[in-house]
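model.txt follows (compact mmCIF, C-alpha atoms and all ligand atoms):
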```txt
# COMPACT_ATOMS: atom_id res chain seq x y z
CA MET N 16 -1.63 68.42 -0.09
CA SER N 17 1.85 67.97 1.34
CA ILE N 18 4.15 65.47 -0.38
CA LEU N 19 4.55 62.21 1.52
CA ARG N 20 7.92 61.53 3.07
CA ILE N 21 9.73 58.21 3.18
CA LEU N 22 12.77 57.44 5.33
CA ILE N 23 15.31 54.88 4.10
CA VAL N 24 17.67 53.61 6.81
CA GLU N 25 20.36 51.69 4.98
CA ASP N 26 24.15 51.63 5.21
CA SER N 27 24.70 50.59 1.59
CA SER N 28 24.65 53.74 -0.53
CA THR N 29 24.02 51.69 -3.68
CA VAL N 30 20.83 50.23 -2.22
CA SER N 31 19.58 53.58 -0.89
CA LYS N 32 20.34 55.30 -4.22
CA ILE N 33 18.38 52.73 -6.23
CA LEU N 34 15.44 52.87 -3.84
CA THR N 35 15.41 56.67 -3.69
CA HIS N 36 15.47 56.88 -7.47
CA LEU N 37 12.56 54.44 -7.86
CA ILE N 38 10.42 56.04 -5.13
CA VAL N 39 10.93 59.57 -6.49
CA GLN N 40 10.44 58.52 -10.10
CA ASP N 41 7.40 56.25 -9.65
CA LEU N 42 5.62 57.83 -6.69
CA GLY N 43 6.93 61.39 -6.52
CA TYR N 44 7.44 61.18 -2.74
CA GLN N 45 10.18 62.94 -0.82
CA VAL N 46 12.91 60.59 0.39
CA ASP N 47 15.40 61.04 3.25
CA VAL N 48 18.29 58.63 3.71
CA ALA N 49 20.00 57.73 6.98
CA PRO N 50 23.07 55.45 6.77
CA ASP N 51 22.88 54.45 10.44
CA MET N 52 20.66 54.37 13.53
CA SER N 53 21.86 57.65 15.04
CA SER N 54 21.19 59.73 11.93
CA ALA N 55 17.82 57.96 11.53
CA LEU N 56 16.89 59.09 15.06
CA VAL N 57 17.66 62.72 14.24
CA LEU N 58 15.46 62.58 11.13
CA LEU N 59 12.64 60.74 12.91
CA GLU N 60 12.52 63.55 15.48
CA GLN N 61 12.35 66.18 12.75
CA HIS N 62 9.78 64.74 10.33
CA GLN N 63 6.60 62.74 10.15
CA TYR N 64 7.22 59.76 7.85
CA PHE N 65 4.57 57.82 5.95
CA VAL N 66 6.73 54.68 5.84
CA VAL N 67 10.23 53.77 7.01
CA VAL N 68 12.22 51.32 4.87
CA ALA N 69 14.92 49.96 7.16
CA ASP N 70 17.81 47.56 6.92
CA LEU N 71 17.69 44.99 9.70
CA ASN N 72 21.40 45.31 10.43
CA LEU N 73 23.00 48.71 10.90
CA PRO N 74 26.61 49.54 11.83
CA ASP N 75 25.69 51.26 15.14
CA ALA N 76 22.82 49.04 16.38
CA SER N 77 21.90 45.47 17.14
CA SER N 78 19.87 43.50 14.64
CA GLY N 79 16.29 44.80 14.42
CA ASP N 80 16.71 47.70 16.89
CA ILE N 81 15.71 50.29 14.30
CA VAL N 82 12.58 48.32 13.43
CA ARG N 83 11.46 48.00 17.06
CA LEU N 84 12.09 51.70 17.63
CA VAL N 85 10.19 52.87 14.54
CA LEU N 86 7.20 50.69 15.41
CA SER N 87 7.02 51.40 19.15
CA SER N 88 8.13 55.03 19.51
CA TYR N 89 7.08 56.50 16.17
CA LYS N 90 4.12 54.24 15.29
CA THR N 91 5.19 54.37 11.66
CA PRO N 92 4.74 51.46 9.22
CA CYS N 93 8.04 49.72 8.58
CA ILE N 94 9.24 47.73 5.57
CA VAL N 95 12.35 45.72 6.38
CA LEU N 96 15.26 45.13 4.01
CA THR N 97 17.15 41.94 4.79
CA SER N 98 19.71 39.55 3.50
CA ASN N 99 18.46 35.99 3.21
CA LEU N 100 16.74 34.80 6.39
CA ASP N 101 16.22 31.36 7.83
CA ALA N 102 12.72 30.27 8.84
CA HIS N 103 13.23 31.20 12.52
CA GLN N 104 14.53 34.71 11.73
CA ARG N 105 11.65 35.24 9.33
CA ARG N 106 9.06 34.32 11.94
CA GLU N 107 10.73 36.55 14.53
CA ILE N 108 10.77 39.65 12.36
CA LEU N 109 7.21 39.14 11.14
CA LYS N 110 6.11 39.00 14.80
CA LEU N 111 7.30 42.57 15.25
CA GLY N 112 4.33 43.90 13.27
CA ILE N 113 6.17 45.09 10.17
CA VAL N 114 4.46 45.64 6.82
CA ASP N 115 6.68 43.12 5.07
CA TYR N 116 10.31 42.09 4.73
CA ILE N 117 12.14 42.20 1.42
CA PRO N 118 15.32 40.20 0.78
CA LYS N 119 17.87 42.37 -1.03
CA ASP N 120 18.76 39.61 -3.44
CA ASN N 121 17.53 40.84 -6.79
CA ARG N 122 16.50 43.98 -8.65
CA TYR N 123 12.78 43.13 -8.46
CA SER N 124 12.99 43.45 -4.67
CA TYR N 125 13.32 47.21 -5.01
CA GLN N 126 10.37 47.45 -7.37
CA TYR N 127 8.39 45.41 -4.88
CA VAL N 128 9.19 47.97 -2.15
CA VAL N 129 7.86 50.76 -4.36
CA LYS N 130 4.74 48.78 -5.21
CA LEU N 131 4.20 48.11 -1.51
CA ILE N 132 4.52 51.79 -0.55
CA ASP N 133 2.04 52.71 -3.27
CA ARG N 134 -0.33 49.99 -2.11
CA LEU N 135 -0.07 51.22 1.51
CA TYR N 136 -1.02 54.70 0.37
CA ARG N 137 -4.08 53.40 -1.45
CA ASN N 138 -5.00 50.97 1.35
CA GLN N 139 -5.84 53.92 3.60
CA HIS N 140 -9.00 54.33 1.50
CA VAL N 141 -9.79 50.63 1.14
CA LYS N 142 -12.47 49.18 3.43
CA VAL N 143 -12.18 45.50 4.32
CA LEU N 144 -14.94 43.58 6.10
CA VAL N 145 -13.89 40.64 8.28
CA ALA N 146 -16.68 38.14 9.01
CA ASP N 147 -15.77 35.60 11.70
CA ASP N 148 -17.60 34.39 14.80
CA SER N 149 -14.34 33.96 16.73
CA VAL N 150 -13.32 37.25 18.34
CA VAL N 151 -9.69 36.11 18.58
CA SER N 152 -9.54 35.23 14.91
CA ARG N 153 -11.30 38.44 13.89
CA LYS N 154 -8.95 40.61 15.95
CA PHE N 155 -5.93 38.79 14.55
CA VAL N 156 -6.99 39.39 10.96
CA ARG N 157 -7.83 43.01 11.86
CA MET N 158 -4.33 43.48 13.27
CA LEU N 159 -2.70 42.09 10.13
CA LEU N 160 -4.84 44.33 7.94
CA GLU N 161 -4.11 47.38 10.06
CA HIS N 162 -0.38 46.81 9.62
CA HIS N 163 -1.16 47.49 5.96
CA LEU N 164 -3.23 50.57 6.83
CA PHE N 165 -6.59 49.20 5.67
CA GLN N 166 -9.87 50.49 7.13
CA VAL N 167 -11.24 47.40 8.86
CA LEU N 168 -14.87 46.60 9.67
CA GLU N 169 -15.99 43.51 11.55
CA ALA N 170 -19.04 41.22 11.52
CA LYS N 171 -19.61 38.40 14.01
CA ASP N 172 -21.62 36.27 11.58
CA GLY N 173 -22.93 36.10 8.01
CA GLU N 174 -26.13 38.01 8.75
CA GLU N 175 -24.26 40.88 10.32
CA ALA N 176 -21.85 40.88 7.35
CA LEU N 177 -24.78 41.31 4.94
CA ALA N 178 -26.11 44.20 7.05
CA VAL N 179 -22.70 45.92 7.10
CA LEU N 180 -22.37 45.50 3.32
CA GLU N 181 -25.80 47.09 2.93
CA GLN N 182 -24.76 50.11 5.01
CA GLU N 183 -21.25 50.57 3.63
CA SER N 184 -21.48 50.51 -0.14
CA ASP N 185 -17.75 50.99 -0.74
CA ILE N 186 -16.30 47.86 0.89
CA GLN N 187 -13.74 46.41 -1.55
CA LEU N 188 -12.82 43.16 0.17
CA LEU N 189 -14.75 40.65 2.27
CA ILE N 190 -12.70 38.13 4.26
CA THR N 191 -14.98 35.44 5.60
CA ASP N 192 -14.60 32.41 7.81
CA TYR N 193 -16.44 29.19 6.89
CA ASN N 194 -18.00 27.95 10.13
CA MET N 195 -20.29 30.65 11.47
CA PRO N 196 -23.74 30.54 13.11
CA LYS N 197 -26.88 31.34 11.04
CA ILE N 198 -25.18 31.71 7.63
CA ASP N 199 -21.88 29.94 6.93
CA GLY N 200 -19.13 31.46 4.78
CA VAL N 201 -20.15 29.76 1.53
CA GLU N 202 -23.80 30.73 1.94
CA LEU N 203 -22.69 34.28 2.73
CA ILE N 204 -20.67 34.41 -0.49
CA LEU N 205 -23.63 33.14 -2.54
CA ARG N 206 -25.82 35.86 -1.05
CA VAL N 207 -23.17 38.53 -1.64
CA ARG N 208 -22.64 37.44 -5.26
CA GLU N 209 -26.41 37.73 -5.96
CA LYS N 210 -25.95 41.45 -5.53
CA TYR N 211 -22.32 42.31 -6.10
CA ASN N 212 -20.20 41.50 -9.16
CA ARG N 213 -16.52 40.66 -9.12
CA GLU N 214 -15.61 44.23 -9.99
CA ASP N 215 -17.69 45.49 -7.04
CA ILE N 216 -16.15 43.40 -4.26
CA ALA N 217 -13.44 40.77 -3.88
CA ILE N 218 -13.82 37.86 -1.47
CA ILE N 219 -11.30 35.68 0.36
CA GLY N 220 -12.52 32.62 2.28
CA LEU N 221 -10.83 31.33 5.45
CA SER N 222 -11.23 28.13 7.38
CA ASN N 223 -9.52 25.85 9.86
CA ASP N 224 -11.82 23.02 8.82
CA ASN N 225 -9.88 20.00 7.54
CA ASP N 226 -12.25 19.38 4.63
CA GLU N 227 -9.92 19.38 1.64
CA SER N 228 -12.71 20.27 -0.80
CA LEU N 229 -13.46 23.51 1.01
CA SER N 230 -11.10 25.72 -0.94
CA ALA N 231 -12.66 24.64 -4.26
CA LYS N 232 -16.13 25.03 -2.76
CA PHE N 233 -15.40 28.63 -1.78
CA ILE N 234 -13.94 29.51 -5.17
CA LYS N 235 -16.70 27.75 -7.15
CA ASN N 236 -19.29 29.72 -5.24
CA GLY N 237 -17.78 33.12 -5.94
CA ALA N 238 -14.71 33.64 -3.72
CA ASP N 239 -11.59 35.01 -5.37
CA ASP N 240 -9.22 33.14 -3.09
CA PHE N 241 -9.06 30.89 -0.03
CA LEU N 242 -6.66 30.54 2.89
CA GLN N 243 -6.37 27.59 5.23
CA LYS N 244 -5.99 28.58 8.91
CA PRO N 245 -3.52 28.82 10.57
CA PHE N 246 -1.66 30.76 7.89
CA VAL N 247 1.63 32.62 7.93
CA HIS N 248 1.35 36.44 7.92
CA GLU N 249 3.29 36.65 4.73
CA GLU N 250 0.95 34.42 2.77
CA PHE N 251 -2.03 36.33 4.10
CA HIS N 252 -0.60 39.66 2.92
CA CYS N 253 0.43 38.29 -0.47
CA ARG N 254 -3.04 36.92 -1.11
CA VAL N 255 -4.79 40.10 0.05
CA LEU N 256 -2.54 42.22 -2.16
CA ASN N 257 -2.96 39.93 -5.16
CA THR N 258 -6.72 39.86 -4.75
CA LEU N 259 -6.88 43.66 -4.53
CA ASP N 260 -4.58 44.02 -7.55
CA SER N 261 -6.96 41.79 -9.52
CA LEU N 262 -9.92 43.85 -8.31
CA ASP N 263 -8.19 47.04 -9.48
CA MET N 264 -7.51 45.43 -12.86
CA MET N 265 -11.11 44.30 -13.22
CA ARG N 266 -12.37 47.75 -12.28
CA ASN N 267 -10.04 49.35 -14.83
CA LEU N 268 -11.27 47.00 -17.53
CA TRP N 269 -14.86 47.67 -16.56
CA THR N 270 -14.26 51.43 -16.78
CA LYS N 271 -12.57 51.09 -20.16
CA ALA N 272 -15.54 49.15 -21.52
CA ASN N 273 -18.25 51.25 -19.95
CA ARG N 274 -16.93 54.81 -19.69
CA ASP N 275 -16.03 56.95 -22.66
CA TYR N 276 -12.33 57.87 -22.61
CA LEU N 277 -12.79 61.55 -23.51
CA THR N 278 -15.87 62.61 -21.53
CA GLN N 279 -16.09 59.86 -18.90
CA SER N 280 -19.79 59.51 -19.79
CA TYR N 281 -21.13 55.99 -20.00
CA THR N 282 -20.61 54.28 -23.36
CA ARG N 283 -23.21 53.05 -25.81
CA ARG N 284 -22.33 49.53 -24.66
CA TYR N 285 -23.21 50.34 -21.04
CA PHE N 286 -26.43 52.06 -22.14
CA PHE N 287 -27.66 48.93 -23.91
CA SER N 288 -26.53 46.64 -21.10
CA GLN N 289 -28.75 48.62 -18.72
CA HIS N 290 -31.84 49.05 -20.86
CA ASN N 291 -31.95 46.29 -23.44
CA SER N 292 -32.25 43.09 -21.44
CA LYS N 293 -35.31 40.82 -21.16
CA GLU N 294 -35.97 42.00 -17.58
CA THR N 295 -35.74 45.68 -18.44
CA GLU N 296 -37.76 45.45 -21.66
CA SER N 297 -40.93 46.33 -19.81
CA GLY N 298 -42.05 49.36 -17.85
CA LEU N 299 -42.26 52.98 -18.87
CA LEU N 300 -39.14 54.29 -20.59
CA SER N 301 -38.43 57.34 -22.73
CA VAL N 302 -35.24 57.99 -24.63
CA ALA N 303 -33.78 61.35 -25.62
CA LEU N 304 -31.15 61.68 -28.37
CA LEU N 305 -29.20 64.95 -28.14
CA ASP N 306 -26.86 66.19 -30.87
CA LEU N 307 -24.76 69.34 -30.66
CA ASP N 308 -25.55 71.89 -33.39
CA PHE N 309 -22.92 72.85 -35.98
CA PHE N 310 -20.25 71.06 -34.00
CA LYS N 311 -18.11 70.58 -37.09
CA LYS N 312 -17.82 74.37 -37.27
CA ILE N 313 -16.32 74.49 -33.77
CA ASN N 314 -13.68 71.94 -34.83
CA ASP N 315 -13.03 73.71 -38.12
CA THR N 316 -12.79 77.18 -36.57
CA HIS N 317 -11.00 76.49 -33.29
CA GLY N 318 -9.42 73.06 -33.73
CA HIS N 319 -10.14 69.57 -32.48
CA ASP N 320 -8.82 70.25 -28.95
CA VAL N 321 -11.37 73.00 -28.41
CA GLY N 322 -14.05 70.67 -29.81
CA ASP N 323 -12.95 68.12 -27.19
CA GLN N 324 -13.20 70.73 -24.42
CA VAL N 325 -16.78 71.48 -25.50
CA LEU N 326 -17.68 67.78 -25.47
CA ILE N 327 -16.16 67.31 -22.00
CA GLU N 328 -18.04 70.28 -20.53
CA PHE N 329 -21.30 69.37 -22.24
CA ALA N 330 -21.05 65.80 -20.90
CA LEU N 331 -20.39 67.18 -17.41
CA ARG N 332 -23.47 69.38 -17.61
CA LEU N 333 -25.59 66.41 -18.69
CA GLU N 334 -24.13 64.35 -15.86
CA ASN N 335 -24.93 67.05 -13.27
CA ALA N 336 -28.43 67.58 -14.59
CA PHE N 337 -29.58 63.99 -15.10
CA ALA N 338 -27.21 61.28 -13.92
CA ALA N 339 -28.50 61.10 -10.35
CA ASN N 340 -31.84 59.71 -11.62
CA PHE N 341 -31.34 58.64 -15.24
CA THR N 342 -28.75 56.97 -17.48
CA VAL N 343 -26.69 59.40 -19.54
CA ALA N 344 -24.35 58.03 -22.23
CA ARG N 345 -22.25 59.28 -25.13
CA PHE N 346 -23.69 57.55 -28.17
CA GLY N 347 -20.86 58.56 -30.47
CA GLY N 348 -19.27 61.76 -31.82
CA GLU N 349 -21.30 64.75 -30.62
CA GLU N 350 -24.39 62.69 -29.86
CA PHE N 351 -25.61 61.80 -26.36
CA VAL N 352 -28.52 59.70 -25.13
CA ILE N 353 -30.55 59.76 -21.92
CA ALA N 354 -32.83 56.95 -20.73
CA PHE N 355 -35.69 58.34 -18.65
CA LYS N 356 -36.95 55.30 -16.78
CA GLY N 357 -40.48 55.84 -15.42
CA LEU N 358 -41.17 58.99 -17.48
CA ASP N 359 -43.32 59.46 -20.56
CA SER N 360 -41.97 61.52 -23.46
CA THR N 361 -43.86 64.69 -22.40
CA LYS N 362 -42.24 64.71 -18.95
CA ALA N 363 -38.84 63.72 -20.32
CA SER N 364 -38.88 66.41 -23.00
CA THR N 365 -39.89 69.07 -20.43
CA LEU N 366 -36.77 68.17 -18.44
CA VAL N 367 -34.52 68.20 -21.51
CA ASP N 368 -35.97 71.50 -22.71
CA LYS N 369 -35.33 73.14 -19.34
CA PHE N 370 -31.75 71.89 -19.55
CA ARG N 371 -31.51 73.20 -23.13
CA GLU N 372 -32.57 76.71 -22.09
CA GLN N 373 -30.05 76.84 -19.24
CA SER N 374 -27.24 75.28 -21.22
CA THR N 375 -27.65 77.37 -24.35
CA THR N 376 -27.59 80.61 -22.36
CA THR N 377 -24.47 79.60 -20.40
CA PRO N 378 -21.46 79.69 -22.75
CA ILE N 379 -18.85 76.95 -22.46
CA SER N 380 -15.48 78.28 -21.45
CA THR N 381 -12.65 76.92 -23.63
CA SER N 382 -9.04 77.81 -24.41
CA ALA N 383 -10.42 79.70 -27.47
CA GLY N 384 -12.72 81.76 -25.22
CA ASP N 385 -16.38 81.38 -24.27
CA LEU N 386 -18.44 79.54 -26.89
CA GLU N 387 -22.20 79.42 -27.15
CA VAL N 388 -23.28 75.89 -27.92
CA SER N 389 -26.79 74.61 -28.59
CA PHE N 390 -28.19 71.16 -29.27
CA SER N 391 -31.19 69.57 -30.95
CA CYS N 392 -33.07 66.67 -29.45
CA GLY N 393 -35.65 64.00 -30.23
CA VAL N 394 -37.57 62.27 -27.40
CA SER N 395 -39.64 59.14 -27.77
CA THR N 396 -41.35 56.68 -25.44
CA ARG N 397 -40.95 52.94 -25.89
CA ASN N 398 -44.32 51.24 -26.55
CA ASN N 399 -44.29 47.44 -26.26
CA GLU N 400 -41.34 47.31 -28.65
CA THR N 401 -37.59 47.06 -28.56
CA LEU N 402 -35.33 49.82 -27.37
CA ASP N 403 -33.96 50.06 -30.93
CA HIS N 404 -37.38 51.06 -32.26
CA ALA N 405 -37.73 53.82 -29.67
CA LEU N 406 -34.24 55.04 -30.49
CA GLN N 407 -35.00 55.02 -34.20
CA ARG N 408 -38.03 57.23 -33.61
CA ALA N 409 -36.01 59.54 -31.34
CA ASP N 410 -33.46 59.79 -34.16
CA GLU N 411 -36.17 60.75 -36.67
CA LEU N 412 -37.46 63.41 -34.26
CA LEU N 413 -33.92 64.68 -33.77
CA TYR N 414 -33.61 64.99 -37.55
CA GLN N 415 -36.86 66.98 -37.61
CA ALA N 416 -35.49 69.28 -34.86
CA LYS N 417 -32.36 69.89 -36.95
CA ALA N 418 -34.44 70.57 -40.08
CA ALA N 419 -36.73 72.95 -38.18
CA GLY N 420 -33.82 75.24 -37.30
CA ARG N 421 -31.93 73.36 -34.49
CA ASN N 422 -31.72 74.35 -30.78
CA GLN N 423 -35.02 72.65 -29.94
CA VAL N 424 -36.56 69.49 -28.51
CA ILE N 425 -39.23 67.54 -30.39
CA SER N 426 -41.06 64.71 -28.70
CA GLN N 427 -43.71 62.18 -29.57
N1 LIG N 501 -13.33 67.40 -31.33
C1 LIG N 501 -14.01 66.32 -31.56
N2 LIG N 501 -14.81 66.24 -32.65
C2 LIG N 501 -15.51 65.12 -32.87
C3 LIG N 501 -15.42 64.02 -32.04
N3 LIG N 501 -16.26 63.04 -32.50
C4 LIG N 501 -16.82 63.55 -33.63
N4 LIG N 501 -16.40 64.81 -33.84
C5 LIG N 501 -16.72 65.71 -34.93
O1 LIG N 501 -18.09 66.11 -34.84
C6 LIG N 501 -18.45 66.64 -36.11
C7 LIG N 501 -19.90 66.31 -36.42
O2 LIG N 501 -20.20 66.99 -37.59
P1 LIG N 501 -21.57 66.82 -38.37
O3 LIG N 501 -22.04 65.38 -38.24
O4 LIG N 501 -21.36 67.33 -39.75
O5 LIG N 501 -22.59 67.65 -37.57
P2 LIG N 501 -22.63 69.17 -37.10
O6 LIG N 501 -21.52 69.98 -37.64
O7 LIG N 501 -22.73 69.13 -35.60
O8 LIG N 501 -23.93 69.68 -37.75
P3 LIG N 501 -25.44 69.38 -37.31
O9 LIG N 501 -25.45 68.10 -36.51
O10 LIG N 501 -26.17 69.22 -38.60
O11 LIG N 501 -25.89 70.53 -36.51
C8 LIG N 501 -17.45 66.09 -37.13
O12 LIG N 501 -16.63 67.14 -37.58
C9 LIG N 501 -16.61 65.10 -36.31
O13 LIG N 501 -15.27 65.08 -36.72
C10 LIG N 501 -14.55 64.10 -30.89
O14 LIG N 501 -14.41 63.16 -30.08
N5 LIG N 501 -13.88 65.26 -30.70
```
Same coordinates, now as structure tokens:
Amino acid sequence: MSILRILIVEDSSTVSKILTHLIVQDLGYQVDVAPDMSSALVLLEQHQYFVVVADLNLPDASSGDIVRLVLSSYKTPCIVLTSNLDAHQRREILKLGIVDYIPKDNRYSYQYVVKLIDRLYRNQHVKVLVADDSVVSRKFVRMLLEHHLFQVLEAKDGEEALAVLEQESDIQLLITDYNMPKIDGVELILRVREKYNREDIAIIGLSNDNDESLSAKFIKNGADDFLQKPFVHEEFHCRVLNTLDSLDMMRNLWTKANRDYLTQSYTRRYFFSQHNSKETESGLLSVALLDLDFFKKINDTHGHDVGDQVLIEFALRLENAFAANFTVARFGGEEFVIAFKGLDSTKASTLVDKFREQSTTTPISTSAGDLEVSFSCGVSTRNNETLDHALQRADELLYQAKAAGRNQVISQ
């Protein structure tokens, strides 16, 4: 993958030096600097830029010329550096279709530029669904989102929005109007929240209705934020970015709680959250407890790092073999668990035994060379009892498998 290139057009060498340093250090992108319009033109002809960061006023051009040129002739997103602007100037430059403008009045401004460039890069993979029955409104929001490089999908009412969400499972943000035929915005949010948690999708409500309780109504029913129409571009972008930052944070937290740091397998906590609730405590379920054989010896002989490599590869093999249909989790140490929903212990143990044969005969490649690793396993079916009881039995069977010579699966 080629390194992204950023062009800074700025006559103050102090400003361009700070920005270059931050962009290279934090993002690792390549940065070119042009101190005036004419040198910017030469560079723009030579390279394809991901983003141009441009000063509004340059020594050899009228105010804003560089911005208009970058947007119209090079179709490149533009972040504008400015001195303080009055309200009229601010409105005029936002109308040009820039990503954002940043006043050069404090050191956080430069960090904000870097954050914005990083966000733009990530936005290219972020799908946003806009639900609004007004074509004009929908297109306007689409245009604003496209200035920030989002992938935009549209729905003309709540029903269509639900259908689009069904088809496109990776939509991260829903922006919905309130007054729409069939299902209004609040009803849409209620329906969405029945299925999607806050770490799955973020929601921003919009309305030009004068009802002052609407914003609270949206948020109480599951929206993350609300914007009164008409809104200024700037506020729209700030709220979208904040909402997506919160979504990222929530997703990170979720991953930390539910994915094991070393192997990326699900955690014990996730396993129980999926299979130990009142609703899931019925129906056929078998559990398999797998424990690597003589794992301590691998650590003692080759070191902890090699032990870690074995755990990572073993978890990956389990993931590839079972995760598409069953829940695989790291229970702790060198012990893993699989929940076979819908299978009795005979069927589940046949699957695990097939995996055991393949896995044992395929050495794990590590920095200490190829290592042959086996595991023992106990499989038990839950019978009108708690998951804990089934796990206890699986643990006893695992112990029997160890005592009987290891590298085997025992089920009951
Ligand atoms: N490298 C590494 N080792 C771990 C980790 N978690 C637990 N272990 C080690 O796993 C080993 C488990 O050892 P034992 O419980 O004695 O079991 P074993 O050597 O596999 O022997 P059997 O289970 O009886 O076949 C211990 O040495 C732990 O330190 C980990 O995250 N990384």
Write out as a PDB file with C-alpha atoms, keeping the file's coordinate frame each polymer residue whose atoms come within 7 Å of stretch 407-424 of chain N, counting all atoms listed in the file; drop sequence neighbours fewer than 6 positions from it.
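So out.pdb came out as:
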```pdb
ATOM      1  CA  VAL N 302     -35.240  57.990 -24.630  1.00  0.00           C
ATOM      2  CA  ALA N 303     -33.780  61.350 -25.620  1.00  0.00           C
ATOM      3  CA  LEU N 304     -31.150  61.680 -28.370  1.00  0.00           C
ATOM      4  CA  ASP N 308     -25.550  71.890 -33.390  1.00  0.00           C
ATOM      5  CA  SER N 364     -38.880  66.410 -23.000  1.00  0.00           C
ATOM      6  CA  ASP N 368     -35.970  71.500 -22.710  1.00  0.00           C
ATOM      7  CA  SER N 389     -26.790  74.610 -28.590  1.00  0.00           C
ATOM      8  CA  PHE N 390     -28.190  71.160 -29.270  1.00  0.00           C
ATOM      9  CA  SER N 391     -31.190  69.570 -30.950  1.00  0.00           C
ATOM     10  CA  CYS N 392     -33.070  66.670 -29.450  1.00  0.00           C
ATOM     11  CA  GLY N 393     -35.650  64.000 -30.230  1.00  0.00           C
ATOM     12  CA  VAL N 394     -37.570  62.270 -27.400  1.00  0.00           C
ATOM     13  CA  SER N 395     -39.640  59.140 -27.770  1.00  0.00           C
TER      14      SER N 395
END
```
List all protein, DNA and RNA residues that have any atom at most 9 Å from ligand LIG 501 (chain N), counting only C-alpha atoms and all ligand atoms, and write the list as an MDAnalysis selection string. chainID N and resid 277:278 306:315 318:326 347:350 389:391 414 417:418 421
If we count all atoms listed in the file and set the cut-off at 8 Å, which residues sit around stretch 57-67 of chain N, ignoring sequence neighbours fewer than 3 positions away in its own chain? Please answer as a VMD selection string. chain N and resid 19 to 24 49 53 to 54 85 89 91 to 94 132
Can you pull out the residues contacting N:Leu180? Cut-off 12 Å, using all atoms listed in the file, and skip same-chain residues under 3 positions away; I want them as a list of chain:residue names.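 Counting only the stated atoms, we get N:Lys142, N:Val143, N:Leu144, N:Val145, N:Ala146, N:Leu168, N:Glu169, N:Ala170, N:Gly173, N:Glu174, N:Glu175, N:Ala176, N:Leu177, N:Glu183, N:Ser184, N:Asp185, N:Ile186, N:Gln187, N:Leu188, N:Leu189, N:Leu203, N:Ile204, N:Arg206, N:Val207, N:Arg208, N:Lys210, N:Tyr211, N:Asp215, N:Ile216.
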Atom CA of N:Phe341 and atom CA of N:Phe355 are how many Å apart? 5.5 Å
Just want the 12 Å neighbourhood of N:Asn121, counted on only C-alpha atoms, with same-chain residues fewer than 3 positions away dropped. Output as a list of chain:residue names. N:Val30, N:Ile33, N:Leu96, N:Thr97, N:Ser98, N:Asn99, N:Ile117, N:Pro118, N:Ser124, N:Tyr125, N:Gln126, N:Tyr127, N:Val128
Only C-alpha atoms, please: the residues just picked out, written as a PDB file, in the frame of the given file.
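Output (out.pdb):
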```
ATOM      1  CA  VAL N  30      20.830  50.230  -2.220  1.00  0.00           C
ATOM      2  CA  ILE N  33      18.380  52.730  -6.230  1.00  0.00           C
ATOM      3  CA  LEU N  96      15.260  45.130   4.010  1.00  0.00           C
ATOM      4  CA  THR N  97      17.150  41.940   4.790  1.00  0.00           C
ATOM      5  CA  SER N  98      19.710  39.550   3.500  1.00  0.00           C
ATOM      6  CA  ASN N  99      18.460  35.990   3.210  1.00  0.00           C
ATOM      7  CA  ILE N 117      12.140  42.200   1.420  1.00  0.00           C
ATOM      8  CA  PRO N 118      15.320  40.200   0.780  1.00  0.00           C
ATOM      9  CA  SER N 124      12.990  43.450  -4.670  1.00  0.00           C
ATOM     10  CA  TYR N 125      13.320  47.210  -5.010  1.00  0.00           C
ATOM     11  CA  GLN N 126      10.370  47.450  -7.370  1.00  0.00           C
ATOM     12  CA  TYR N 127       8.390  45.410  -4.880  1.00  0.00           C
ATOM     13  CA  VAL N 128       9.190  47.970  -2.150  1.00  0.00           C
TER      14      VAL N 128
END
```
I'd like to know which of N:His140, N:His162, N:Arg105, N:Arg397 is closest to N:Leu86, using all atoms listed in the file.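 Going through N:His140, N:His162, N:Arg105, N:Arg397 one by one, the smallest distance to N:Leu86 is for N:His162.
The space separating atom CA of N:Lys171 from atom CA of N:Phe241 comes to 19.1 Å.
The gap separating atom CA of N:Arg83 from atom CA of N:Met52 is 11.7 Å, in Å to one decimal.
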Can you pull out the residues contacting N:Lys356? Cut-off 10 Å, using all atoms listed in the file, and skip same-chain residues under 3 positions away; I want them as a VMD selection string. chain N and resid 290 295 298 to 302 340 to 342 353 359 363 396
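Distances here use only C-alpha atoms; by that measure, the residue among N:Ala339, N:Ala178, N:Ala69, N:Met195 closest to N:Ser149 is N:Met195.
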Could you give me, as a Markdown table, a per-residue list for stretch 77-138 of chain N showing, wherever an atom lies at most 10 Å from an atom of stretch 243-265 of chain N, the closest pair of atoms and their distance in Å to one decimal, using all atoms listed in the file and sorting by chain then residue number from low to high?
```
| residue | atom | partner | partner_atom | distance |
| --- | --- | --- | --- | --- |
| N:Arg105 | CA | N:Glu249 | CA | 9.6 |
| N:Arg106 | CA | N:Val247 | CA | 8.6 |
| N:Leu109 | CA | N:His248 | CA | 7.2 |
| N:Lys110 | CA | N:His248 | CA | 8.7 |
| N:Gly112 | CA | N:His248 | CA | 9.7 |
| N:Val114 | CA | N:His252 | CA | 8.8 |
| N:Asp115 | CA | N:Glu249 | CA | 7.3 |
| N:Tyr116 | CA | N:Glu249 | CA | 8.9 |
| N:Leu131 | CA | N:Leu256 | CA | 9.0 |
| N:Arg134 | CA | N:Leu256 | CA | 8.1 |
| N:Asn138 | CA | N:Leu259 | CA | 9.6 |
```
Calculated over all atoms listed in the file, which of the candidates N:Gly357, N:Lys119, N:Gln373, N:Asn291 has the smallest distance to N:Leu406?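 Answer, going by the shortest atom-to-atom distance: N:Asn291.
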